[in-house]
Structures are given as C-alpha cells and as structure tokens.
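The data block below is structure.pdb; it holds PDB, C-alpha atoms.
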MODEL        1
ATOM      1  CA  MET A   5       0.000   0.000   0.000
ATOM      2  CA  SER A   6       1.501   3.360  -1.016
ATOM      3  CA  ALA A   7       2.061   6.239   1.391
ATOM      4  CA  SER A   8      -0.636   8.222  -0.463
ATOM      5  CA  THR A   9      -3.150   5.434   0.026
ATOM      6  CA  ILE A  10      -2.413   5.272   3.743
ATOM      7  CA  ALA A  11      -2.652   9.068   4.063
ATOM      8  CA  MET A  12      -5.935   9.184   2.128
ATOM      9  CA  ARG A  13      -7.476   6.399   4.184
ATOM     10  CA  ALA A  14      -6.426   8.158   7.409
ATOM     11  CA  LEU A  15      -7.877  11.461   6.179
ATOM     12  CA  LEU A  16     -11.274  10.017   5.270
ATOM     13  CA  ASP A  17     -11.444   7.846   8.393
ATOM     14  CA  SER A  18     -10.923  10.966  10.513
ATOM     15  CA  MET A  19     -13.962  12.719   9.007
ATOM     16  CA  PRO A  20     -17.321  11.508  10.335
ATOM     17  CA  TYR A  21     -19.062  13.283   7.435
ATOM     18  CA  ALA A  22     -17.012  11.312   4.889
ATOM     19  CA  ARG A  23     -18.217   8.121   6.608
ATOM     20  CA  PHE A  24     -21.806   9.440   6.630
ATOM     21  CA  LEU A  25     -21.643   9.888   2.842
ATOM     22  CA  GLY A  26     -19.622   6.697   2.388
ATOM     23  CA  VAL A  27     -16.876   8.392   0.375
ATOM     24  CA  ARG A  28     -13.646   6.568  -0.334
ATOM     25  CA  ALA A  29     -10.588   7.328  -2.454
ATOM     26  CA  ASP A  30      -9.136   4.832  -4.930
ATOM     27  CA  MET A  31      -5.424   5.405  -5.325
ATOM     28  CA  ALA A  32      -3.219   4.383  -8.211
ATOM     29  CA  GLY A  33       0.160   5.570  -6.942
ATOM     30  CA  ASP A  34      -0.555   9.244  -6.296
ATOM     31  CA  GLU A  35      -3.459   9.424  -8.764
ATOM     32  CA  MET A  36      -6.709   9.728  -6.851
ATOM     33  CA  THR A  37     -10.270   8.927  -7.896
ATOM     34  CA  GLY A  38     -12.972   9.837  -5.409
ATOM     35  CA  VAL A  39     -15.669   7.183  -5.117
ATOM     36  CA  LEU A  40     -19.166   7.711  -3.732
ATOM     37  CA  PRO A  41     -20.739   4.249  -3.460
ATOM     38  CA  TYR A  42     -24.481   4.264  -3.950
ATOM     39  CA  GLY A  43     -26.568   4.451  -0.770
ATOM     40  CA  ASP A  44     -30.340   4.888  -0.420
ATOM     41  CA  HIS A  45     -29.761   7.793   1.966
ATOM     42  CA  LEU A  46     -28.063   9.782  -0.799
ATOM     43  CA  ILE A  47     -31.221  10.105  -2.894
ATOM     44  CA  GLY A  48     -32.953  13.454  -3.426
ATOM     45  CA  ASN A  49     -35.717  12.978  -5.991
ATOM     46  CA  PRO A  50     -37.221   9.550  -5.179
ATOM     47  CA  LEU A  51     -39.262   9.340  -8.406
ATOM     48  CA  LEU A  52     -36.418   8.841 -10.885
ATOM     49  CA  PRO A  53     -34.624   8.150  -8.418
ATOM     50  CA  ALA A  54     -31.814  10.737  -8.481
ATOM     51  CA  LEU A  55     -28.903  11.516  -6.157
ATOM     52  CA  HIS A  56     -29.369  14.701  -4.101
ATOM     53  CA  GLY A  57     -27.625  17.673  -5.726
ATOM     54  CA  GLY A  58     -26.142  18.746  -2.405
ATOM     55  CA  VAL A  59     -24.574  15.300  -1.961
ATOM     56  CA  ILE A  60     -22.979  15.432  -5.424
ATOM     57  CA  GLY A  61     -21.639  18.908  -4.620
ATOM     58  CA  ALA A  62     -20.301  17.810  -1.232
ATOM     59  CA  PHE A  63     -18.655  14.741  -2.807
ATOM     60  CA  MET A  64     -16.882  16.860  -5.452
ATOM     61  CA  GLU A  65     -15.740  19.386  -2.834
ATOM     62  CA  LEU A  66     -14.377  16.556  -0.659
ATOM     63  CA  THR A  67     -12.513  15.166  -3.679
ATOM     64  CA  ALA A  68     -10.985  18.584  -4.370
ATOM     65  CA  VAL A  69      -9.867  19.018  -0.767
ATOM     66  CA  ALA A  70      -8.416  15.494  -0.623
ATOM     67  CA  GLN A  71      -6.502  16.072  -3.876
ATOM     68  CA  LEU A  72      -5.094  19.362  -2.529
ATOM     69  CA  TYR A  73      -4.182  17.697   0.768
ATOM     70  CA  LEU A  74      -2.171  15.104  -1.206
ATOM     71  CA  ALA A  75      -0.634  17.706  -3.516
ATOM     72  CA  GLN A  76       0.588  19.681  -0.518
ATOM     73  CA  GLY A  77       2.249  16.698   1.158
ATOM     74  CA  GLN A  78      -0.518  16.331   3.751
ATOM     75  CA  MET A  79       0.670  19.384   5.646
ATOM     76  CA  ARG A  80      -2.638  21.002   6.591
ATOM     77  CA  MET A  81      -6.295  20.767   5.639
ATOM     78  CA  PRO A  82      -7.259  23.227   2.892
ATOM     79  CA  LYS A  83     -10.253  25.485   3.612
ATOM     80  CA  THR A  84     -12.955  25.998   1.014
ATOM     81  CA  ILE A  85     -13.462  29.635   0.029
ATOM     82  CA  ASP A  86     -16.085  29.232  -2.671
ATOM     83  CA  VAL A  87     -17.493  26.674  -5.086
ATOM     84  CA  SER A  88     -19.453  26.879  -8.315
ATOM     85  CA  ILE A  89     -21.308  23.675  -9.153
ATOM     86  CA  ASP A  90     -22.795  22.809 -12.556
ATOM     87  CA  TYR A  91     -25.341  20.015 -12.674
ATOM     88  CA  LEU A  92     -25.173  18.357 -16.071
ATOM     89  CA  ARG A  93     -27.142  15.109 -15.816
ATOM     90  CA  SER A  94     -29.193  13.679 -12.989
ATOM     91  CA  GLY A  95     -27.260  11.278 -10.743
ATOM     92  CA  ARG A  96     -28.493   7.715 -11.142
ATOM     93  CA  PRO A  97     -28.747   5.354  -8.139
ATOM     94  CA  VAL A  98     -25.304   3.833  -8.835
ATOM     95  CA  ASP A  99     -21.724   4.575  -7.723
ATOM     96  CA  THR A 100     -20.330   7.993  -8.623
ATOM     97  CA  TYR A 101     -16.686   8.811  -9.371
ATOM     98  CA  ALA A 102     -14.800  12.098  -9.299
ATOM     99  CA  ARG A 103     -11.438  13.410 -10.399
ATOM    100  CA  ALA A 104      -9.967  16.700  -9.256
ATOM    101  CA  HIS A 105      -7.549  18.684 -11.405
ATOM    102  CA  VAL A 106      -5.532  21.275  -9.516
ATOM    103  CA  THR A 107      -5.350  24.147 -12.009
ATOM    104  CA  LYS A 108      -3.164  26.246  -9.745
ATOM    105  CA  ILE A 109      -1.670  26.280  -6.254
ATOM    106  CA  GLY A 110      -0.471  29.756  -5.341
ATOM    107  CA  ARG A 111       1.096  30.988  -2.155
ATOM    108  CA  ARG A 112      -2.243  31.009  -0.317
ATOM    109  CA  ILE A 113      -4.970  30.198  -2.836
ATOM    110  CA  ALA A 114      -5.586  27.094  -4.937
ATOM    111  CA  ASN A 115      -7.963  26.689  -7.873
ATOM    112  CA  VAL A 116      -9.363  23.192  -8.475
ATOM    113  CA  HIS A 117     -11.708  21.731 -11.120
ATOM    114  CA  VAL A 118     -13.624  18.544 -10.387
ATOM    115  CA  GLU A 119     -15.693  16.345 -12.680
ATOM    116  CA  ALA A 120     -18.072  13.663 -11.462
ATOM    117  CA  TRP A 121     -19.353  10.799 -13.600
ATOM    118  CA  GLN A 122     -21.131   7.444 -13.329
ATOM    119  CA  ASP A 123     -21.649   5.238 -16.392
ATOM    120  CA  SER A 124     -19.308   7.115 -18.686
ATOM    121  CA  ARG A 125     -16.375   9.433 -17.967
ATOM    122  CA  SER A 126     -17.173  11.369 -21.137
ATOM    123  CA  SER A 127     -20.722  12.085 -19.900
ATOM    124  CA  PRO A 128     -20.130  13.775 -16.534
ATOM    125  CA  ILE A 129     -23.099  14.261 -14.209
ATOM    126  CA  ALA A 130     -21.641  17.377 -12.568
ATOM    127  CA  ALA A 131     -18.640  19.703 -12.420
ATOM    128  CA  LEU A 132     -17.270  21.915  -9.687
ATOM    129  CA  ARG A 133     -14.820  24.800  -9.696
ATOM    130  CA  GLY A 134     -13.526  25.835  -6.290
ATOM    131  CA  HIS A 135     -11.110  28.218  -4.617
ATOM    132  CA  PHE A 136      -9.356  27.000  -1.495
ATOM    133  CA  LEU A 137      -7.112  28.530   1.180
ATOM    134  CA  VAL A 138      -3.909  26.530   1.447
ATOM    135  CA  SER A 139      -0.966  26.857   3.814
ATOM    136  CA  PRO A 140       1.877  29.041   2.500
ATOM    137  CA  LYS A 141       4.669  27.046   0.851
ATOM    138  CA  ASP A 142       7.320  28.274   3.283
ATOM    139  CA  GLU A 143       5.413  27.119   6.379
TER
ATOM    140  CA  MET B  17     -56.256  30.594  14.290
ATOM    141  CA  ASN B  18     -55.579  28.356  11.288
ATOM    142  CA  THR B  19     -58.597  26.396  10.098
ATOM    143  CA  PRO B  20     -57.970  22.936   8.581
ATOM    144  CA  ASP B  21     -58.478  24.499   5.138
ATOM    145  CA  ASP B  22     -55.904  27.230   5.767
ATOM    146  CA  PRO B  23     -53.717  27.379   2.633
ATOM    147  CA  SER B  24     -50.549  28.062   4.649
ATOM    148  CA  ASP B  25     -51.120  24.817   6.583
ATOM    149  CA  ALA B  26     -51.678  22.979   3.305
ATOM    150  CA  LEU B  27     -48.425  24.401   1.918
ATOM    151  CA  ARG B  28     -46.513  23.437   5.061
ATOM    152  CA  ASN B  29     -47.978  19.941   4.974
ATOM    153  CA  SER B  30     -46.989  19.454   1.356
ATOM    154  CA  VAL B  31     -43.413  20.534   2.153
ATOM    155  CA  HIS B  32     -43.300  18.107   5.084
ATOM    156  CA  LEU B  33     -44.383  15.356   2.684
ATOM    157  CA  LEU B  34     -41.766  16.516   0.191
ATOM    158  CA  LEU B  35     -38.987  16.386   2.814
ATOM    159  CA  ASP B  36     -40.194  13.044   4.182
ATOM    160  CA  GLY B  37     -39.974  11.600   0.681
ATOM    161  CA  MET B  38     -36.402  12.783   0.189
ATOM    162  CA  PRO B  39     -33.994  10.263   1.746
ATOM    163  CA  GLN B  40     -31.043  12.696   2.062
ATOM    164  CA  ALA B  41     -33.274  15.305   3.754
ATOM    165  CA  ARG B  42     -34.387  12.602   6.205
ATOM    166  CA  ALA B  43     -30.797  11.400   6.749
ATOM    167  CA  LEU B  44     -29.740  14.962   7.686
ATOM    168  CA  GLY B  45     -32.797  15.394   9.918
ATOM    169  CA  LEU B  46     -33.811  18.552   8.009
ATOM    170  CA  LYS B  47     -36.613  20.481   9.694
ATOM    171  CA  LEU B  48     -38.925  23.115   8.255
ATOM    172  CA  ASP B  49     -38.693  26.255  10.407
ATOM    173  CA  ALA B  50     -40.741  28.722   8.359
ATOM    174  CA  LEU B  51     -42.502  28.832   5.019
ATOM    175  CA  GLU B  52     -44.199  31.276   2.679
ATOM    176  CA  PRO B  53     -44.678  30.755  -1.047
ATOM    177  CA  GLY B  54     -41.203  31.296  -2.538
ATOM    178  CA  ARG B  55     -39.461  31.715   0.826
ATOM    179  CA  ALA B  56     -38.273  28.818   2.948
ATOM    180  CA  VAL B  57     -36.321  28.390   6.189
ATOM    181  CA  LEU B  58     -34.897  24.927   6.887
ATOM    182  CA  ARG B  59     -32.682  23.771   9.723
ATOM    183  CA  VAL B  60     -30.114  20.990  10.021
ATOM    184  CA  PRO B  61     -29.762  19.951  13.677
ATOM    185  CA  TYR B  62     -26.192  19.608  14.906
ATOM    186  CA  ASP B  63     -25.084  15.994  14.594
ATOM    187  CA  THR B  64     -21.665  14.563  15.404
ATOM    188  CA  ARG B  65     -22.069  12.167  12.423
ATOM    189  CA  LEU B  66     -21.873  15.219  10.145
ATOM    190  CA  VAL B  67     -18.658  16.660  11.591
ATOM    191  CA  GLY B  68     -15.772  17.363   9.221
ATOM    192  CA  ASP B  69     -12.957  18.015  11.669
ATOM    193  CA  LEU B  70     -12.970  15.979  14.888
ATOM    194  CA  ASP B  71     -10.635  18.480  16.569
ATOM    195  CA  THR B  72     -13.099  21.341  16.201
ATOM    196  CA  GLY B  73     -16.429  19.463  16.094
ATOM    197  CA  VAL B  74     -17.620  21.744  13.284
ATOM    198  CA  MET B  75     -20.058  20.195  10.794
ATOM    199  CA  HIS B  76     -18.554  19.720   7.321
ATOM    200  CA  GLY B  77     -19.119  22.327   4.571
ATOM    201  CA  GLY B  78     -20.907  19.652   2.545
ATOM    202  CA  VAL B  79     -23.738  19.792   5.085
ATOM    203  CA  VAL B  80     -24.098  23.516   4.324
ATOM    204  CA  THR B  81     -24.051  22.730   0.573
ATOM    205  CA  THR B  82     -26.849  20.201   0.955
ATOM    206  CA  LEU B  83     -28.859  22.438   3.324
ATOM    207  CA  LEU B  84     -28.624  25.384   0.899
ATOM    208  CA  ASP B  85     -29.480  23.249  -2.144
ATOM    209  CA  ASN B  86     -32.486  21.786  -0.356
ATOM    210  CA  THR B  87     -33.724  25.119   1.041
ATOM    211  CA  CYS B  88     -33.455  26.699  -2.413
ATOM    212  CA  GLY B  89     -35.419  23.777  -3.852
ATOM    213  CA  VAL B  90     -38.223  24.215  -1.336
ATOM    214  CA  ALA B  91     -38.381  27.966  -2.069
ATOM    215  CA  VAL B  92     -38.769  27.182  -5.788
ATOM    216  CA  ALA B  93     -41.265  24.369  -5.234
ATOM    217  CA  THR B  94     -43.533  26.625  -3.186
ATOM    218  CA  ALA B  95     -43.215  29.580  -5.590
ATOM    219  CA  MET B  96     -44.712  27.675  -8.513
ATOM    220  CA  GLN B  97     -48.345  28.292  -9.406
ATOM    221  CA  ILE B  98     -48.565  24.815 -10.894
ATOM    222  CA  PRO B  99     -46.106  22.547  -9.039
ATOM    223  CA  THR B 100     -43.744  20.538 -11.217
ATOM    224  CA  SER B 101     -40.564  18.564 -10.597
ATOM    225  CA  ILE B 102     -37.444  20.699 -10.257
ATOM    226  CA  ALA B 103     -33.701  20.091 -10.500
ATOM    227  CA  THR B 104     -30.693  22.211  -9.595
ATOM    228  CA  LEU B 105     -28.951  23.652 -12.646
ATOM    229  CA  ASP B 106     -26.178  25.499 -10.862
ATOM    230  CA  LEU B 107     -25.263  26.399  -7.315
ATOM    231  CA  ARG B 108     -22.650  28.947  -6.225
ATOM    232  CA  ILE B 109     -21.640  29.078  -2.563
ATOM    233  CA  ASP B 110     -19.328  31.447  -0.686
ATOM    234  CA  TYR B 111     -18.156  29.968   2.607
ATOM    235  CA  MET B 112     -17.727  32.874   4.993
ATOM    236  CA  ARG B 113     -17.114  31.325   8.364
ATOM    237  CA  ALA B 114     -17.238  27.998  10.155
ATOM    238  CA  ALA B 115     -20.440  27.279  12.055
ATOM    239  CA  GLU B 116     -19.856  26.928  15.790
ATOM    240  CA  PRO B 117     -19.740  23.293  16.932
ATOM    241  CA  GLY B 118     -22.908  22.165  18.648
ATOM    242  CA  ARG B 119     -25.110  24.701  16.834
ATOM    243  CA  ASP B 120     -27.878  23.913  14.349
ATOM    244  CA  ILE B 121     -27.376  25.519  10.942
ATOM    245  CA  ILE B 122     -30.317  27.362   9.409
ATOM    246  CA  GLY B 123     -30.879  27.940   5.704
ATOM    247  CA  LEU B 124     -33.032  30.787   4.372
ATOM    248  CA  ALA B 125     -33.832  30.883   0.646
ATOM    249  CA  VAL B 126     -35.891  33.284  -1.449
ATOM    250  CA  CYS B 127     -36.942  32.609  -5.023
ATOM    251  CA  THR B 128     -36.246  35.930  -6.700
ATOM    252  CA  LYS B 129     -37.432  35.240 -10.236
ATOM    253  CA  MET B 130     -39.317  32.557 -12.064
ATOM    254  CA  THR B 131     -39.534  32.216 -15.832
ATOM    255  CA  ARG B 132     -41.303  29.428 -17.709
ATOM    256  CA  THR B 133     -38.243  27.192 -17.587
ATOM    257  CA  ILE B 134     -35.896  28.525 -14.896
ATOM    258  CA  ALA B 135     -36.164  29.726 -11.299
ATOM    259  CA  PHE B 136     -33.502  31.903  -9.633
ATOM    260  CA  VAL B 137     -32.868  31.737  -5.882
ATOM    261  CA  ARG B 138     -30.708  33.515  -3.287
ATOM    262  CA  ALA B 139     -29.940  31.837   0.021
ATOM    263  CA  THR B 140     -28.041  32.268   3.290
ATOM    264  CA  ALA B 141     -26.868  29.750   5.875
ATOM    265  CA  TYR B 142     -26.438  30.981   9.452
ATOM    266  CA  THR B 143     -26.512  29.975  13.104
ATOM    267  CA  ASP B 144     -27.961  33.080  14.780
ATOM    268  CA  THR B 145     -28.852  35.702  12.195
ATOM    269  CA  PRO B 146     -28.631  35.972   8.384
ATOM    270  CA  ASP B 147     -26.604  39.162   8.971
ATOM    271  CA  ASP B 148     -23.725  36.965  10.183
ATOM    272  CA  PRO B 149     -23.715  34.277   7.508
ATOM    273  CA  VAL B 150     -21.917  30.951   7.625
ATOM    274  CA  ALA B 151     -22.367  30.911   3.833
ATOM    275  CA  THR B 152     -24.287  32.636   1.052
ATOM    276  CA  ALA B 153     -25.494  31.065  -2.178
ATOM    277  CA  GLN B 154     -27.096  31.697  -5.521
ATOM    278  CA  ALA B 155     -28.809  28.996  -7.508
ATOM    279  CA  ALA B 156     -30.732  28.368 -10.701
ATOM    280  CA  PHE B 157     -33.263  25.533 -11.003
ATOM    281  CA  ILE B 158     -34.831  23.880 -14.041
ATOM    282  CA  LEU B 159     -38.605  23.640 -13.827
ATOM    283  CA  ASP B 160     -40.470  20.523 -14.940
ATOM    284  CA  SER B 161     -37.165  18.628 -14.790
ATOM    285  CA  ASN B 162     -38.856  15.212 -14.905
ATOM    286  CA  ALA B 163     -40.520  16.119 -18.219
ATOM    287  CA  GLY B 164     -40.580  13.221 -20.625
ATOM    288  CA  ARG B 165     -39.285  10.788 -18.016
ATOM    289  CA  VAL B 166     -41.309   8.053 -16.355
ATOM    290  CA  ALA B 167     -40.928   7.000 -12.750
ATOM    291  CA  GLY B 168     -37.859   4.778 -12.441
ATOM    292  CA  ALA B 169     -36.257   6.333 -15.533
ATOM    293  CA  ASN B 170     -32.874   6.497 -13.735
ATOM    294  CA  LEU B 171     -32.806   2.777 -13.036
ATOM    295  CA  LYS B 172     -31.529   2.080 -16.554
ATOM    296  CA  PRO B 173     -28.170   3.378 -17.844
ATOM    297  CA  ARG B 174     -28.386   6.373 -20.085
ATOM    298  CA  VAL B 175     -28.005   5.900 -23.838
ATOM    299  CA  SER B 176     -25.863   9.058 -24.364
TER
ENDMDL
END
Would you write out, as structure tokens, the structure that this file holds?
Amino acid sequence: MSASTIAMRALLDSMPYARFLGVRADMAGDEMTGVLPYGDHLIGNPLLPALHGGVIGAFMELTAVAQLYLAQGQMRMPKTIDVSIDYLRSGRPVDTYARAHVTKIGRRIANVHVEAWQDSRSSPIAALRGHFLVSPKDE
Amino acid sequence: MNTPDDPSDALRNSVHLLLDGMPQARALGLKLDALEPGRAVLRVPYDTRLVGDLDTGVMHGGVVTTLLDNTCGVAVATAMQIPTSIATLDLRIDYMRAAEPGRDIIGLAVCTKMTRTIAFVRATAYTDTPDDPVATAQAAFILDSNAGRVAGANLKPRVS
C-alpha cells in the first residue's frame, strides 16, 4: 500500500461526514479517484430516483480538498473559500466517481476543477470549480 | 387561528411530505422552520455524524451545501403556481465562516425570479442571524425537470 493510500485512508477515516456519505478514495500511486458508493440515503428525488444535488456537490468538494491535501504533502487541511457547481445530468442510483484537477496552487490560494461521472467518464453528471485557502509554501 | 383548510397549513404539509420523501433530507434530519410561497427556512440539527474536523467538532461544509441546495429547492417548489418537478442547474456558494460546533445551521432561501423554464434563488446559511452568515449562495433551477421521463427512468443506464 503506497504512502498516499495510507494518508488518504487516514484522512477520510478521521472525518465523520465522509463516513456518513460513504466516500472513499481509490489510489493508483498518487493518482486519486474519489468514489461515492451508492446508498439509499443519498437520494434526493425519489421518483427517478436521483442523487441529491447537495450530496454530489459535497462529494466533489471533498474530492478537491483530498486532492489538494495530497498535492501539498498532507501538511494542513485546505479550507474551502467558494465553489461553483454545474449540474449536467441527474445522478443515477449507482456509484459515482470524481477526479480533481488542480489548475493552480499559489502561495495562499488554490484553484481546483472537479468532474463527477457514473456510467461514462465522457458524460459527466456534474462539475465543480472551487477556490481553497492553502498553507503558504514556506510554512 | 388556522382552520384545517388554511392554505398556509396545506403548503406546510406538502413541504413536510416533500422532505419526508427525500432520503437525504431525512438522513440529515432537516426540519422546516418557516414557510411562505417562494421563501423557505430549513434547519439541520447539529449531529456529530456530520462533523468534518474531529478536533473542532464543526459540521462539514458539505452539510451547508446540501442544506442550501435543499432550502433553495423548497423555495422554488412553493413559488410555482402549478407545481412541477425541479432540478438544480447550478449552485454557487461562498463559505464565509465555520459554524460553531454544537449549533444547528439554518438555511433561508428566497426565489427571486421565475420564468417558464428557470427559477432563480438567493440563500443564506447561518446559526444566529442571516446578517452573520456561515455561507451565502445563488442557484438556478430547471422547472419541470422530470418532463418526458417516467418513474424509475434512472434505473436504466443512459443511452448518451
């Protein structure tokens, strides 16, 4: 098991909310895919049924923060400043995956893009763009 | 005194049914604090299962995201003359401060504009007063989002 995998597991285990959602991170070396396994409690619209939009947003934000935490050598937890979430397709009652791309880490601010998908990576169900407060590099 | 036929009671009852039928709203223990057509106040009771940082005991930002999304949805649902299904199109949130541990977080949303296809909403999350926000949000919702889809449509994989 790689050091990143151990660090990621420790991070998610330490967050009750991550356990409430059921989020886990699949690591391939230092490449991280966030995974939100399907759970009945994650549903919003029961008719389709569709995952709750807030849950999809929270999952993408968690993925972004976890990716930043890894990118910064697990020094300190990043703090979310703002997020902008686009809902593209309704979330089906199946597992959801997310990948975060760190567009920039500055001295104090990081910009991260996240895409979430289910059946097909090329048909994302949602996207998030967020700004995060990160610890200064010289700390 | 509200008679059994009081429309504000009927509206409140229909929102209670709406929240009861939404598994994530139930899982968070969301409560309806106040309601007028197009204006909703929901509350998420403090719960240690929802904490993000065990050292501080503060509930995770994702709880605020879900509270705001849900409160905005209720504001839209109650603003419609003819109720239809709705779905979030986009949601922008500014996180201003951490909520104090142990405190319930309250969401207040107002539907500011409704067209034939889209509803626009502004919302605030707070612990004591909306003048000291934990977070503020703006959202757009699609109206009649279930259009053309039968119940259980999401059970099959999408073609595209």
* **Pick from A:Ser126, A:Asn115, A:Thr9, A:Thr37, whichever lies nearest to chain B using only C-alpha atoms** => A:Ser126
* Asked: Where does the ChimeraX specification (/A :<8) & /B land in this file, that is, which residues does it pick, as a PyMOL selection string?
  -> chain B and resi 37-43+64-70+75-79+81-86+104-112+162+165-171+173-174+176
With C-alpha atoms kept, could you save the residues just selected as an mmCIF file, keeping the file's coordinate frame?
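File written: result21.cif
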data_model
loop_
_atom_site.group_PDB
_atom_site.id
_atom_site.type_symbol
_atom_site.label_atom_id
_atom_site.label_comp_id
_atom_site.auth_asym_id
_atom_site.auth_seq_id
_atom_site.Cartn_x
_atom_site.Cartn_y
_atom_site.Cartn_z
ATOM 1 C CA GLY B 37 -39.974 11.600 0.681
ATOM 2 C CA MET B 38 -36.402 12.783 0.189
ATOM 3 C CA PRO B 39 -33.994 10.263 1.746
ATOM 4 C CA GLN B 40 -31.043 12.696 2.062
ATOM 5 C CA ALA B 41 -33.274 15.305 3.754
ATOM 6 C CA ARG B 42 -34.387 12.602 6.205
ATOM 7 C CA ALA B 43 -30.797 11.400 6.749
ATOM 8 C CA THR B 64 -21.665 14.563 15.404
ATOM 9 C CA ARG B 65 -22.069 12.167 12.423
ATOM 10 C CA LEU B 66 -21.873 15.219 10.145
ATOM 11 C CA VAL B 67 -18.658 16.660 11.591
ATOM 12 C CA GLY B 68 -15.772 17.363 9.221
ATOM 13 C CA ASP B 69 -12.957 18.015 11.669
ATOM 14 C CA LEU B 70 -12.970 15.979 14.888
ATOM 15 C CA MET B 75 -20.058 20.195 10.794
ATOM 16 C CA HIS B 76 -18.554 19.720 7.321
ATOM 17 C CA GLY B 77 -19.119 22.327 4.571
ATOM 18 C CA GLY B 78 -20.907 19.652 2.545
ATOM 19 C CA VAL B 79 -23.738 19.792 5.085
ATOM 20 C CA THR B 81 -24.051 22.730 0.573
ATOM 21 C CA THR B 82 -26.849 20.201 0.955
ATOM 22 C CA LEU B 83 -28.859 22.438 3.324
ATOM 23 C CA LEU B 84 -28.624 25.384 0.899
ATOM 24 C CA ASP B 85 -29.480 23.249 -2.144
ATOM 25 C CA ASN B 86 -32.486 21.786 -0.356
ATOM 26 C CA THR B 104 -30.693 22.211 -9.595
ATOM 27 C CA LEU B 105 -28.951 23.652 -12.646
ATOM 28 C CA ASP B 106 -26.178 25.499 -10.862
ATOM 29 C CA LEU B 107 -25.263 26.399 -7.315
ATOM 30 C CA ARG B 108 -22.650 28.947 -6.225
ATOM 31 C CA ILE B 109 -21.640 29.078 -2.563
ATOM 32 C CA ASP B 110 -19.328 31.447 -0.686
ATOM 33 C CA TYR B 111 -18.156 29.968 2.607
ATOM 34 C CA MET B 112 -17.727 32.874 4.993
ATOM 35 C CA ASN B 162 -38.856 15.212 -14.905
ATOM 36 C CA ARG B 165 -39.285 10.788 -18.016
ATOM 37 C CA VAL B 166 -41.309 8.053 -16.355
ATOM 38 C CA ALA B 167 -40.928 7.000 -12.750
ATOM 39 C CA GLY B 168 -37.859 4.778 -12.441
ATOM 40 C CA ALA B 169 -36.257 6.333 -15.533
ATOM 41 C CA ASN B 170 -32.874 6.497 -13.735
ATOM 42 C CA LEU B 171 -32.806 2.777 -13.036
ATOM 43 C CA PRO B 173 -28.170 3.378 -17.844
ATOM 44 C CA ARG B 174 -28.386 6.373 -20.085
ATOM 45 C CA SER B 176 -25.863 9.058 -24.364
#
Please put the answer as lines of an AutoDock Vina configuration file: centre and edge lengths, in Å with one decimal, of a box along x, y and z that encloses all listed atoms of segment 30-45 of chain B plus 6 Å on each side.
center_x = -38.4
center_y = 15.4
center_z = 5.1
size_x = 29.2
size_y = 22.3
size_z = 21.7
* Using all atoms listed in the file, which residues sit within 7 Å of Ser101 of chain B once same-chain residues fewer than 5 positions away are excluded, as an MDAnalysis selection string? -> chainID B and resid 159:162
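Minimum atom-to-atom distance to Pro82 of chain A, evaluated using all atoms listed in the file, belongs to A:Ala68 out of A:Ala68, A:Leu40, A:Met5, A:Ala120.
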* What gap, in Å, lies between atom CA of Leu27 of chain B and atom CA of Leu124 of chain B? -> 16.8 Å
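For the atom pair formed by atom CA of Leu137 of chain A and atom CA of Ala153 of chain B, the distance is 18.9 Å, given to one decimal.
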* Asked: Do you know which residues the PyMOL selection byres ((chain A and resi 107-111) around 12) returns on this file, as a VMD selection string?
  -> chain A and resid 68 71 to 73 75 to 76 82 104 to 106 112 to 118 133 to 143
Store the residues picked out above in a file with C-alpha atoms, as a short mmCIF file (atom, residue, chain, number, x, y, z; two decimals), keeping the file's coordinate frame.
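Below is the file that was written, part34.cif:
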data_model
loop_
_atom_site.label_atom_id
_atom_site.label_comp_id
_atom_site.auth_asym_id
_atom_site.auth_seq_id
_atom_site.Cartn_x
_atom_site.Cartn_y
_atom_site.Cartn_z
CA ALA A 68 -10.98 18.58 -4.37
CA GLN A 71 -6.50 16.07 -3.88
CA LEU A 72 -5.09 19.36 -2.53
CA TYR A 73 -4.18 17.70 0.77
CA ALA A 75 -0.63 17.71 -3.52
CA GLN A 76 0.59 19.68 -0.52
CA PRO A 82 -7.26 23.23 2.89
CA ALA A 104 -9.97 16.70 -9.26
CA HIS A 105 -7.55 18.68 -11.40
CA VAL A 106 -5.53 21.28 -9.52
CA ARG A 112 -2.24 31.01 -0.32
CA ILE A 113 -4.97 30.20 -2.84
CA ALA A 114 -5.59 27.09 -4.94
CA ASN A 115 -7.96 26.69 -7.87
CA VAL A 116 -9.36 23.19 -8.48
CA HIS A 117 -11.71 21.73 -11.12
CA VAL A 118 -13.62 18.54 -10.39
CA ARG A 133 -14.82 24.80 -9.70
CA GLY A 134 -13.53 25.84 -6.29
CA HIS A 135 -11.11 28.22 -4.62
CA PHE A 136 -9.36 27.00 -1.50
CA LEU A 137 -7.11 28.53 1.18
CA VAL A 138 -3.91 26.53 1.45
CA SER A 139 -0.97 26.86 3.81
CA PRO A 140 1.88 29.04 2.50
CA LYS A 141 4.67 27.05 0.85
CA ASP A 142 7.32 28.27 3.28
CA GLU A 143 5.41 27.12 6.38
#
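From atom CA of Thr143 of chain B back to atom CA of Ala115 of chain B, the distance works out to 6.7 Å.
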Name the residues that the PyMOL selection byres ((chain B and resi 135) around 8) picks from the file above, as a tab-separated table (two decimals) with C-alpha atoms, in the coordinates of the input, using the file's chain letters and numbers.
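And here is the file that came out, expr30.tsv:
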chain	number	residue	atom	x	y	z
B	92	VAL	CA	-38.77	27.18	-5.79
B	127	CYS	CA	-36.94	32.61	-5.02
B	128	THR	CA	-36.25	35.93	-6.70
B	129	LYS	CA	-37.43	35.24	-10.24
B	130	MET	CA	-39.32	32.56	-12.06
B	131	THR	CA	-39.53	32.22	-15.83
B	133	THR	CA	-38.24	27.19	-17.59
B	134	ILE	CA	-35.90	28.52	-14.90
B	136	PHE	CA	-33.50	31.90	-9.63
B	137	VAL	CA	-32.87	31.74	-5.88
B	156	ALA	CA	-30.73	28.37	-10.70
B	157	PHE	CA	-33.26	25.53	-11.00
B	158	ILE	CA	-34.83	23.88	-14.04
B	159	LEU	CA	-38.60	23.64	-13.83
* Asked: Counting all atoms listed in the file, what is within 9 Å of Thr145 of chain B, bar same-chain residues fewer than 4 positions away, as number ranges by chain?
  -> B: 122, 141, 149
* To do: Using only C-alpha atoms, pick whichever of A:Trp121, A:Ala29, A:Gly38, A:Thr67 has the shortest atom-to-atom distance to Ala14 of chain A.
  => A:Ala29
